[in-house]
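Structure data follow from my_file.pdb (PDB, C-alpha atoms and all ligand atoms):
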ATOM      1  CA  MET Z  25      -2.780 -18.422 176.573
ATOM      2  CA  SER Z  26       0.281 -16.294 175.797
ATOM      3  CA  VAL Z  27       0.135 -12.538 176.274
ATOM      4  CA  PRO Z  28       0.418 -10.582 173.000
ATOM      5  CA  SER Z  29       3.590  -8.505 173.288
ATOM      6  CA  ASN Z  30       3.932  -4.798 172.628
ATOM      7  CA  ASP Z  31       5.789  -5.765 169.434
ATOM      8  CA  ASP Z  32       2.655  -7.658 168.387
ATOM      9  CA  GLN Z  33       0.672  -4.485 169.086
ATOM     10  CA  LYS Z  34       3.118  -2.474 166.979
ATOM     11  CA  ALA Z  35       2.588  -4.853 164.071
ATOM     12  CA  PHE Z  36      -1.196  -4.836 164.558
ATOM     13  CA  TRP Z  37      -1.577  -1.039 164.813
ATOM     14  CA  SER Z  38       0.869  -0.418 161.949
ATOM     15  CA  SER Z  39      -0.145  -3.069 159.408
ATOM     16  CA  ALA Z  40      -3.461  -4.776 160.143
ATOM     17  CA  ALA Z  41      -5.501  -2.130 161.973
ATOM     18  CA  GLY Z  42      -3.514   0.988 161.028
ATOM     19  CA  PRO Z  43      -4.766   1.421 157.432
ATOM     20  CA  LYS Z  44      -8.348   0.776 158.557
ATOM     21  CA  TRP Z  45      -8.146   3.408 161.311
ATOM     22  CA  LEU Z  46      -6.712   5.815 158.757
ATOM     23  CA  HIS Z  47      -9.487   5.046 156.277
ATOM     24  CA  PHE Z  48     -12.252   5.510 158.860
ATOM     25  CA  GLU Z  49     -10.528   8.312 160.779
ATOM     26  CA  THR Z  50     -13.343  10.864 160.398
ATOM     27  CA  ALA Z  51     -16.055   8.390 161.365
ATOM     28  CA  LEU Z  52     -14.099   6.996 164.324
ATOM     29  CA  ASP Z  53     -13.212  10.445 165.651
ATOM     30  CA  HIS Z  54     -16.848  11.492 165.419
ATOM     31  CA  ILE Z  55     -18.137   8.374 167.176
ATOM     32  CA  PHE Z  56     -15.564   8.529 169.962
ATOM     33  CA  GLN Z  57     -15.677  12.315 170.488
ATOM     34  CA  PRO Z  58     -17.868  11.923 173.625
ATOM     35  CA  VAL Z  59     -15.114   9.755 175.134
ATOM     36  CA  LEU Z  60     -12.507  12.425 174.388
ATOM     37  CA  ASP Z  61     -14.858  15.065 175.817
ATOM     38  CA  GLY Z  62     -15.142  12.976 178.997
ATOM     39  CA  VAL Z  63     -11.361  12.656 179.316
ATOM     40  CA  ILE Z  64     -10.799  16.367 178.652
ATOM     41  CA  ALA Z  65     -13.510  17.426 181.119
ATOM     42  CA  ARG Z  66     -11.926  15.335 183.881
ATOM     43  CA  ALA Z  67      -8.299  16.217 183.096
ATOM     44  CA  GLY Z  68      -8.803  19.988 183.456
ATOM     45  CA  VAL Z  69      -5.955  20.985 181.123
ATOM     46  CA  GLN Z  70      -5.136  24.712 181.512
ATOM     47  CA  THR Z  71      -3.334  27.202 179.319
ATOM     48  CA  GLY Z  72       0.401  26.628 179.692
ATOM     49  CA  ASP Z  73       0.119  22.970 180.775
ATOM     50  CA  CYS Z  74       2.261  20.208 179.275
ATOM     51  CA  VAL Z  75       0.336  17.087 178.282
ATOM     52  CA  LEU Z  76       1.505  13.581 177.380
ATOM     53  CA  ASP Z  77      -1.118  11.899 175.147
ATOM     54  CA  ILE Z  78      -0.547   8.135 175.229
ATOM     55  CA  GLY Z  79      -1.614   5.945 172.305
ATOM     56  CA  CYS Z  80      -2.598   9.144 170.486
ATOM     57  CA  GLY Z  81      -3.317   7.393 167.171
ATOM     58  CA  THR Z  82      -4.104   9.794 164.331
ATOM     59  CA  GLY Z  83      -3.929  12.836 166.602
ATOM     60  CA  ALA Z  84      -7.496  14.064 167.201
ATOM     61  CA  SER Z  85      -6.899  14.251 170.946
ATOM     62  CA  ALA Z  86      -3.430  15.813 170.652
ATOM     63  CA  VAL Z  87      -4.748  18.641 168.467
ATOM     64  CA  GLN Z  88      -7.648  19.371 170.846
ATOM     65  CA  LEU Z  89      -5.357  19.232 173.866
ATOM     66  CA  GLY Z  90      -2.997  21.568 172.022
ATOM     67  CA  THR Z  91      -5.785  24.128 171.703
ATOM     68  CA  LEU Z  92      -6.435  23.913 175.464
ATOM     69  CA  ALA Z  93      -2.765  24.062 176.469
ATOM     70  CA  ALA Z  94      -2.198  26.886 173.956
ATOM     71  CA  GLU Z  95       1.215  27.913 172.690
ATOM     72  CA  SER Z  96       2.531  28.566 176.183
ATOM     73  CA  GLY Z  97       2.008  24.842 176.875
ATOM     74  CA  CYS Z  98       2.955  21.680 175.017
ATOM     75  CA  VAL Z  99       1.496  18.361 173.914
ATOM     76  CA  LEU Z 100       3.515  15.260 173.146
ATOM     77  CA  GLY Z 101       1.577  12.489 171.408
ATOM     78  CA  ALA Z 102       3.187   9.069 171.905
ATOM     79  CA  ASP Z 103       2.216   6.039 169.862
ATOM     80  CA  ILE Z 104       3.711   2.732 168.768
ATOM     81  CA  SER Z 105       2.321   2.958 165.204
ATOM     82  CA  GLY Z 106       4.349   4.857 162.597
ATOM     83  CA  PRO Z 107       1.534   5.157 160.022
ATOM     84  CA  LEU Z 108      -0.931   6.597 162.573
ATOM     85  CA  LEU Z 109       1.678   9.105 163.773
ATOM     86  CA  GLU Z 110       2.449  10.230 160.218
ATOM     87  CA  ARG Z 111      -1.176  11.223 159.888
ATOM     88  CA  ALA Z 112      -1.192  12.848 163.349
ATOM     89  CA  ALA Z 113       1.758  15.046 162.344
ATOM     90  CA  VAL Z 114      -0.142  16.241 159.265
ATOM     91  CA  ARG Z 115      -3.211  17.092 161.365
ATOM     92  CA  ALA Z 116      -1.095  19.041 163.851
ATOM     93  CA  GLN Z 117       0.606  21.204 161.207
ATOM     94  CA  GLY Z 118       0.600  24.818 162.319
ATOM     95  CA  HIS Z 119       0.521  23.812 166.002
ATOM     96  CA  ASP Z 120       4.217  24.068 166.795
ATOM     97  CA  HIS Z 121       3.687  23.162 170.456
ATOM     98  CA  VAL Z 122       2.152  19.777 169.483
ATOM     99  CA  SER Z 123       4.675  17.067 168.593
ATOM    100  CA  PHE Z 124       4.773  13.287 168.325
ATOM    101  CA  ILE Z 125       7.117  10.382 169.026
ATOM    102  CA  GLU Z 126       6.979   6.786 167.861
ATOM    103  CA  VAL Z 127       7.693   4.745 170.994
ATOM    104  CA  ASP Z 128       6.497   1.872 173.124
ATOM    105  CA  ALA Z 129       5.117   3.964 176.007
ATOM    106  CA  GLN Z 130       5.722   1.069 178.412
ATOM    107  CA  ARG Z 131       9.483   1.184 177.839
ATOM    108  CA  HIS Z 132      10.416   4.606 176.471
ATOM    109  CA  ALA Z 133      12.516   6.756 178.802
ATOM    110  CA  PHE Z 134      10.348   9.896 178.715
ATOM    111  CA  LYS Z 135      11.973  13.046 180.048
ATOM    112  CA  LYS Z 136      11.405  12.928 183.796
ATOM    113  CA  ALA Z 137       9.039  15.244 185.707
ATOM    114  CA  THR Z 138       7.993  17.106 182.558
ATOM    115  CA  PHE Z 139       4.217  16.796 182.177
ATOM    116  CA  ASP Z 140       1.264  18.178 184.131
ATOM    117  CA  HIS Z 141      -1.070  15.577 182.610
ATOM    118  CA  LEU Z 142      -0.942  12.136 181.130
ATOM    119  CA  VAL Z 143      -4.140  11.569 179.142
ATOM    120  CA  SER Z 144      -5.469   8.927 176.803
ATOM    121  CA  ARG Z 145      -8.571   8.012 174.868
ATOM    122  CA  PHE Z 146      -8.581   4.228 174.408
ATOM    123  CA  GLY Z 147      -4.756   4.119 174.175
ATOM    124  CA  VAL Z 148      -3.596   2.451 177.406
ATOM    125  CA  MET Z 149      -5.292  -0.989 177.337
ATOM    126  CA  PHE Z 150      -2.697  -2.671 175.114
ATOM    127  CA  PHE Z 151       0.411  -2.982 177.311
ATOM    128  CA  ASP Z 152       1.820  -6.471 177.955
ATOM    129  CA  ASP Z 153       2.813  -5.292 181.465
ATOM    130  CA  PRO Z 154       0.377  -2.534 182.505
ATOM    131  CA  VAL Z 155       1.946  -2.017 185.954
ATOM    132  CA  ALA Z 156       5.393  -1.488 184.398
ATOM    133  CA  ALA Z 157       3.847   0.780 181.756
ATOM    134  CA  PHE Z 158       2.099   3.087 184.239
ATOM    135  CA  ALA Z 159       5.130   3.130 186.533
ATOM    136  CA  ASN Z 160       7.293   4.140 183.570
ATOM    137  CA  MET Z 161       4.885   6.793 182.286
ATOM    138  CA  ALA Z 162       4.392   8.209 185.802
ATOM    139  CA  ASN Z 163       8.107   9.123 185.825
ATOM    140  CA  ALA Z 164       7.313  11.668 183.130
ATOM    141  CA  LEU Z 165       4.790  13.453 185.373
ATOM    142  CA  LYS Z 166       5.628  16.473 187.512
ATOM    143  CA  PRO Z 167       5.133  15.860 191.261
ATOM    144  CA  ASP Z 168       1.577  17.252 191.110
ATOM    145  CA  GLY Z 169       0.843  15.683 187.706
ATOM    146  CA  ARG Z 170      -2.323  13.677 187.015
ATOM    147  CA  VAL Z 171      -3.311  10.702 184.895
ATOM    148  CA  THR Z 172      -6.736  10.740 183.151
ATOM    149  CA  PHE Z 173      -7.949   8.217 180.604
ATOM    150  CA  GLY Z 174     -11.048   6.589 179.145
ATOM    151  CA  SER Z 175     -11.465   2.875 178.383
ATOM    152  CA  TRP Z 176     -14.353   0.564 177.497
ATOM    153  CA  GLY Z 177     -16.480  -0.718 180.388
ATOM    154  CA  GLN Z 178     -18.120  -4.145 180.622
ATOM    155  CA  ILE Z 179     -18.395  -6.070 177.353
ATOM    156  CA  GLN Z 180     -22.142  -6.747 177.685
ATOM    157  CA  ALA Z 181     -22.826  -3.010 178.115
ATOM    158  CA  ASN Z 182     -21.193  -2.213 174.770
ATOM    159  CA  PRO Z 183     -23.380  -3.222 171.795
ATOM    160  CA  PHE Z 184     -20.848  -1.537 169.501
ATOM    161  CA  PHE Z 185     -18.870  -4.768 170.075
ATOM    162  CA  THR Z 186     -21.446  -7.372 171.182
ATOM    163  CA  PHE Z 187     -23.895  -6.766 168.325
ATOM    164  CA  ALA Z 188     -21.060  -6.876 165.777
ATOM    165  CA  ALA Z 189     -19.722 -10.092 167.346
ATOM    166  CA  GLN Z 190     -23.202 -11.678 167.235
ATOM    167  CA  ALA Z 191     -23.673 -10.806 163.557
ATOM    168  CA  ALA Z 192     -20.212 -12.169 162.728
ATOM    169  CA  ARG Z 193     -20.947 -15.393 164.653
ATOM    170  CA  ASN Z 194     -24.201 -15.871 162.732
ATOM    171  CA  ILE Z 195     -22.685 -15.380 159.295
ATOM    172  CA  ILE Z 196     -19.043 -16.457 159.556
ATOM    173  CA  GLY Z 197     -18.431 -18.207 162.880
ATOM    174  CA  ALA Z 198     -16.876 -17.534 166.256
ATOM    175  CA  PRO Z 199     -13.084 -17.178 166.411
ATOM    176  CA  PRO Z 200     -11.434 -18.773 169.476
ATOM    177  CA  LYS Z 201     -12.292 -16.894 172.669
ATOM    178  CA  ILE Z 202      -9.610 -14.499 173.882
ATOM    179  CA  ASP Z 203      -9.209 -13.735 177.591
ATOM    180  CA  PRO Z 204     -10.487 -10.137 177.783
ATOM    181  CA  ASP Z 205      -7.945  -9.354 180.526
ATOM    182  CA  LEU Z 206      -5.200  -9.743 177.911
ATOM    183  CA  PRO Z 207      -4.083  -6.540 176.129
ATOM    184  CA  GLY Z 208      -7.039  -5.382 174.055
ATOM    185  CA  PRO Z 209     -10.111  -3.149 174.085
ATOM    186  CA  PHE Z 210     -11.685  -4.700 177.207
ATOM    187  CA  ALA Z 211      -8.555  -5.172 179.307
ATOM    188  CA  PHE Z 212      -9.603  -2.205 181.492
ATOM    189  CA  ARG Z 213     -13.320  -3.028 181.782
ATOM    190  CA  ASP Z 214     -13.077  -3.889 185.495
ATOM    191  CA  PRO Z 215     -12.474  -0.723 187.573
ATOM    192  CA  LYS Z 216     -11.158  -2.692 190.556
ATOM    193  CA  ARG Z 217      -8.466  -4.386 188.455
ATOM    194  CA  VAL Z 218      -7.359  -1.101 186.895
ATOM    195  CA  LEU Z 219      -7.301   0.801 190.191
ATOM    196  CA  ASP Z 220      -5.098  -1.994 191.514
ATOM    197  CA  ILE Z 221      -2.763  -1.647 188.496
ATOM    198  CA  LEU Z 222      -2.535   2.122 189.063
ATOM    199  CA  ALA Z 223      -1.802   1.632 192.777
ATOM    200  CA  GLN Z 224       0.875  -1.003 192.047
ATOM    201  CA  ALA Z 225       2.433   1.452 189.592
ATOM    202  CA  GLY Z 226       2.775   3.932 192.457
ATOM    203  CA  LEU Z 227      -0.082   6.245 191.468
ATOM    204  CA  GLN Z 228      -2.226   7.705 194.261
ATOM    205  CA  ASP Z 229      -5.904   8.316 194.863
ATOM    206  CA  GLY Z 230      -7.112   6.302 191.850
ATOM    207  CA  GLN Z 231     -10.759   6.866 190.944
ATOM    208  CA  CYS Z 232     -13.133   5.553 188.294
ATOM    209  CA  ASP Z 233     -16.379   7.023 186.942
ATOM    210  CA  THR Z 234     -18.322   4.430 184.973
ATOM    211  CA  VAL Z 235     -20.630   6.346 182.663
ATOM    212  CA  GLU Z 236     -23.140   5.585 179.926
ATOM    213  CA  VAL Z 237     -22.083   7.586 176.891
ATOM    214  CA  MET Z 238     -24.158   7.894 173.710
ATOM    215  CA  LEU Z 239     -22.215   7.126 170.532
ATOM    216  CA  THR Z 240     -23.803   8.964 167.595
ATOM    217  CA  PRO Z 241     -22.209   7.821 164.327
ATOM    218  CA  HIS Z 242     -22.787  10.297 161.529
ATOM    219  CA  GLY Z 243     -24.020   9.288 158.068
ATOM    220  CA  SER Z 244     -26.099   6.300 157.086
ATOM    221  CA  LEU Z 245     -26.603   2.928 158.713
ATOM    222  CA  ALA Z 246     -24.957   1.411 155.606
ATOM    223  CA  GLY Z 247     -21.852   3.559 156.090
ATOM    224  CA  PHE Z 248     -21.709   2.602 159.751
ATOM    225  CA  ALA Z 249     -22.029  -1.102 158.841
ATOM    226  CA  ASP Z 250     -19.099  -0.687 156.430
ATOM    227  CA  MET Z 251     -16.958   0.683 159.218
ATOM    228  CA  VAL Z 252     -17.971  -1.951 161.785
ATOM    229  CA  LEU Z 253     -17.128  -4.590 159.182
ATOM    230  CA  SER Z 254     -13.528  -3.337 159.117
ATOM    231  CA  ILE Z 255     -12.654  -3.112 162.807
ATOM    232  CA  GLY Z 256     -13.270  -5.076 166.005
ATOM    233  CA  PRO Z 257     -15.056  -8.444 166.202
ATOM    234  CA  ALA Z 258     -16.387  -8.484 162.617
ATOM    235  CA  ASP Z 259     -12.897  -7.890 161.246
ATOM    236  CA  ALA Z 260     -11.494 -10.513 163.649
ATOM    237  CA  ALA Z 261     -13.949 -13.143 162.353
ATOM    238  CA  ILE Z 262     -13.298 -12.231 158.700
ATOM    239  CA  THR Z 263      -9.541 -12.496 159.266
ATOM    240  CA  HIS Z 264      -9.657 -15.678 161.362
ATOM    241  CA  PHE Z 265     -11.869 -17.592 158.909
ATOM    242  CA  ASP Z 266     -10.450 -15.892 155.799
ATOM    243  CA  ALA Z 267     -14.073 -15.182 154.879
ATOM    244  CA  ALA Z 268     -15.153 -15.359 151.243
ATOM    245  CA  PRO Z 269     -16.494 -12.232 149.470
ATOM    246  CA  ASP Z 270     -20.098 -13.527 149.583
ATOM    247  CA  GLN Z 271     -19.838 -14.073 153.357
ATOM    248  CA  ILE Z 272     -18.469 -10.563 153.803
ATOM    249  CA  ALA Z 273     -21.344  -9.139 151.741
ATOM    250  CA  ALA Z 274     -23.844 -11.121 153.838
ATOM    251  CA  LEU Z 275     -22.210  -9.891 157.048
ATOM    252  CA  ARG Z 276     -22.427  -6.282 155.836
ATOM    253  CA  GLU Z 277     -26.202  -6.733 155.383
ATOM    254  CA  MET Z 278     -26.543  -8.506 158.723
ATOM    255  CA  LEU Z 279     -24.723  -5.652 160.456
ATOM    256  CA  GLN Z 280     -27.222  -3.177 159.022
ATOM    257  CA  ASP Z 281     -30.126  -5.297 160.315
ATOM    258  CA  THR Z 282     -28.422  -5.795 163.687
ATOM    259  CA  PHE Z 283     -27.808  -2.095 164.334
ATOM    260  CA  ALA Z 284     -31.140  -0.942 162.805
ATOM    261  CA  PRO Z 285     -32.871  -0.843 166.240
ATOM    262  CA  PHE Z 286     -30.450   1.970 167.211
ATOM    263  CA  ASP Z 287     -31.418   4.064 164.164
ATOM    264  CA  GLY Z 288     -34.085   6.735 164.628
ATOM    265  CA  PRO Z 289     -35.137  10.239 163.587
ATOM    266  CA  GLU Z 290     -31.952  11.662 165.157
ATOM    267  CA  GLY Z 291     -29.762   9.079 163.426
ATOM    268  CA  LEU Z 292     -27.849   6.253 165.062
ATOM    269  CA  ARG Z 293     -27.611   6.376 168.861
ATOM    270  CA  ILE Z 294     -25.652   3.512 170.403
ATOM    271  CA  PRO Z 295     -25.206   3.423 174.187
ATOM    272  CA  ALA Z 296     -21.729   2.604 175.467
ATOM    273  CA  GLU Z 297     -20.298   2.023 178.913
ATOM    274  CA  ILE Z 298     -17.052   3.914 179.435
ATOM    275  CA  ASN Z 299     -14.717   3.897 182.434
ATOM    276  CA  PHE Z 300     -13.033   7.238 183.092
ATOM    277  CA  PHE Z 301     -10.016   6.785 185.377
ATOM    278  CA  SER Z 302      -7.945   9.385 187.147
ATOM    279  CA  ALA Z 303      -5.042   9.206 189.573
ATOM    280  CA  GLY Z 304      -2.304  11.468 190.896
ATOM    281  CA  LYS Z 305       1.456  11.219 190.996
ATOM    282  CA  THR Z 306       1.377  12.100 194.690
TER     283      THR Z 306
HETATM  284  C1  LIG L   1      -7.763   2.052 170.033
HETATM  285  S1  LIG L   1      -6.431   2.978 169.397
HETATM  286  C2  LIG L   1      -6.796   4.591 170.027
HETATM  287  C3  LIG L   1      -6.140   5.681 169.247
HETATM  288  C4  LIG L   1      -6.507   7.106 169.683
HETATM  289  N1  LIG L   1      -6.192   7.364 171.069
HETATM  290  C5  LIG L   1      -7.951   7.398 169.410
HETATM  291  O1  LIG L   1      -8.755   7.421 170.362
HETATM  292  O2  LIG L   1      -8.301   7.603 168.225
HETATM  293  C6  LIG L   1      -5.074   2.447 170.449
HETATM  294  C7  LIG L   1      -3.783   3.165 170.162
HETATM  295  O3  LIG L   1      -2.804   2.739 171.132
HETATM  296  C8  LIG L   1      -1.565   2.598 170.473
HETATM  297  N2  LIG L   1      -0.679   1.708 171.261
HETATM  298  C9  LIG L   1      -0.843   0.393 171.519
HETATM  299  N3  LIG L   1       0.160  -0.072 172.279
HETATM  300  C10 LIG L   1       0.997   0.973 172.520
HETATM  301  C11 LIG L   1       2.230   1.118 173.236
HETATM  302  N4  LIG L   1       2.821   0.077 173.869
HETATM  303  N5  LIG L   1       2.827   2.340 173.268
HETATM  304  C12 LIG L   1       2.248   3.398 172.621
HETATM  305  N6  LIG L   1       1.094   3.310 171.927
HETATM  306  C13 LIG L   1       0.466   2.119 171.871
HETATM  307  C14 LIG L   1      -1.936   2.056 169.112
HETATM  308  O4  LIG L   1      -0.929   2.206 168.147
HETATM  309  C15 LIG L   1      -3.186   2.860 168.800
HETATM  310  O5  LIG L   1      -2.907   4.055 168.140
END

Re-express the file's structure as structure tokens.
Amino acid sequence: MSVPSNDDQKAFWSSAAGPKWLHFETALDHIFQPVLDGVIARAGVQTGDCVLDIGCGTGASAVQLGTLAAESGCVLGADISGPLLERAAVRAQGHDHVSFIEVDAQRHAFKKATFDHLVSRFGVMFFDDPVAAFANMANALKPDGRVTFGSWGQIQANPFFTFAAQAARNIIGAPPKIDPDLPGPFAFRDPKRVLDILAQAGLQDGQCDTVEVMLTPHGSLAGFADMVLSIGPADAAITHFDAAPDQIAALREMLQDTFAPFDGPEGLRIPAEINFFSAGKT
């Protein structure tokens, strides 16, 4: 199976997935806020720090990091998707110390020894050569700089994906299996593999906390089903089989039934397994 290249990722995150992430920005940021909280808590960004936010998407993390670093610090959000960065720039208006660049973080020659922190929420699992990517990004860190990021844990521990995949299989069919080690959401599910990547990239003292995080989508189950229909495994099945409108409508209903067991008096509560990694430059 060939490895999707970073150019493929650029096309995906700009054309196919980009508009959907823009459309569901508020919902996605709300759902994934606990992951950002986990990254921020572990990174320990201080006033005056400079932070490189990799795969920053529409900028939620960059803006929050900008508040922590304050105007005496700086945040640079790096992403391969132009449309997501356009939105990030709008969200960061008024924060002059938060800026963005459209680059392939694996290859871009970042200014050397500039950043105290490299952080990411779900933005570092898509490189076609992860060792080269981390080695390259590490050059941008100051000698005492640290890397901190969150990625999805084991597939079976993440019903956000498995339940959606099951519903899509039932209604539309199963697209060809993709090796989860390839660039994609689960590429960093195995802590041992990732710690090895970080070590090969020259980073020191790699550590992983695997944590159960509660995802709490806001709004109705129907609204959540609409979103799940548009991203991840449901979207992959719809695209692969070029699903007909009646199949898509049936899948929307099936998604509501599938996720209903997670709905209760406090709203939707979906457990997720997240790996929080950290490592040092020296
Ligand atoms: C799952 S999204 C996460 C976005 C954002 N961090 C968030 O949590 O909302 C993955 C992001 O990684 C970006 N990305 C993928 N490959 C990249 C690369 N080689 N260089 C920079 N960004 C990349 C995508 O464009 C996308 O914005």

Original post:
Which of these residues is nearest to Gly247 (chain Z), using all atoms listed in the file: Z:Asn30, Z:Ala51, Z:Gly79, Z:Gly68?
Top reply: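 Looking at the shortest contact to Gly247 (chain Z), the residue is Z:Ala51.
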
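Distances here use all atoms listed in the file; by that measure, the residue among Z:Cys80, Z:Val87, Z:Ala67, Z:Leu109 closest to ligand LIG 1 (chain L) is Z:Cys80.
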
**OP:** Decode the PyMOL selection byres (((chain Z and resi 96) around 8) and not hetatm) for the given file into explicit residues and return them as a ChimeraX atom specification.
**Re:** /Z:71-73,93-95,97-98,121

Each region 129-205 of chain Z residue no farther than 12 Å from region 275-292 of chain Z, nearest pair in Å, all atoms listed in the file, as CSV:
residue,atom,partner,partner_atom,distance
Z:Pro183,CA,Z:Phe283,CA,8.7
Z:Phe184,CA,Z:Phe283,CA,8.7
Z:Phe185,CA,Z:Phe283,CA,11.0
Z:Thr186,CA,Z:Thr282,CA,10.4
Z:Phe187,CA,Z:Thr282,CA,6.6
Z:Ala188,CA,Z:Leu279,CA,6.6
Z:Ala189,CA,Z:Leu279,CA,9.6
Z:Gln190,CA,Z:Thr282,CA,8.6
Z:Ala191,CA,Z:Met278,CA,6.1
Z:Ala192,CA,Z:Leu275,CA,6.4
Z:Arg193,CA,Z:Leu275,CA,9.5
Z:Asn194,CA,Z:Leu275,CA,8.5
Z:Ile195,CA,Z:Leu275,CA,6.0
Z:Ile196,CA,Z:Leu275,CA,7.7
Z:Gly197,CA,Z:Leu275,CA,10.8

Subject >> Selection result for the PyMOL selection byres (((chain Z and resi 104) around 8) and not hetatm) on this file, as a count of residues only >> reply: 12
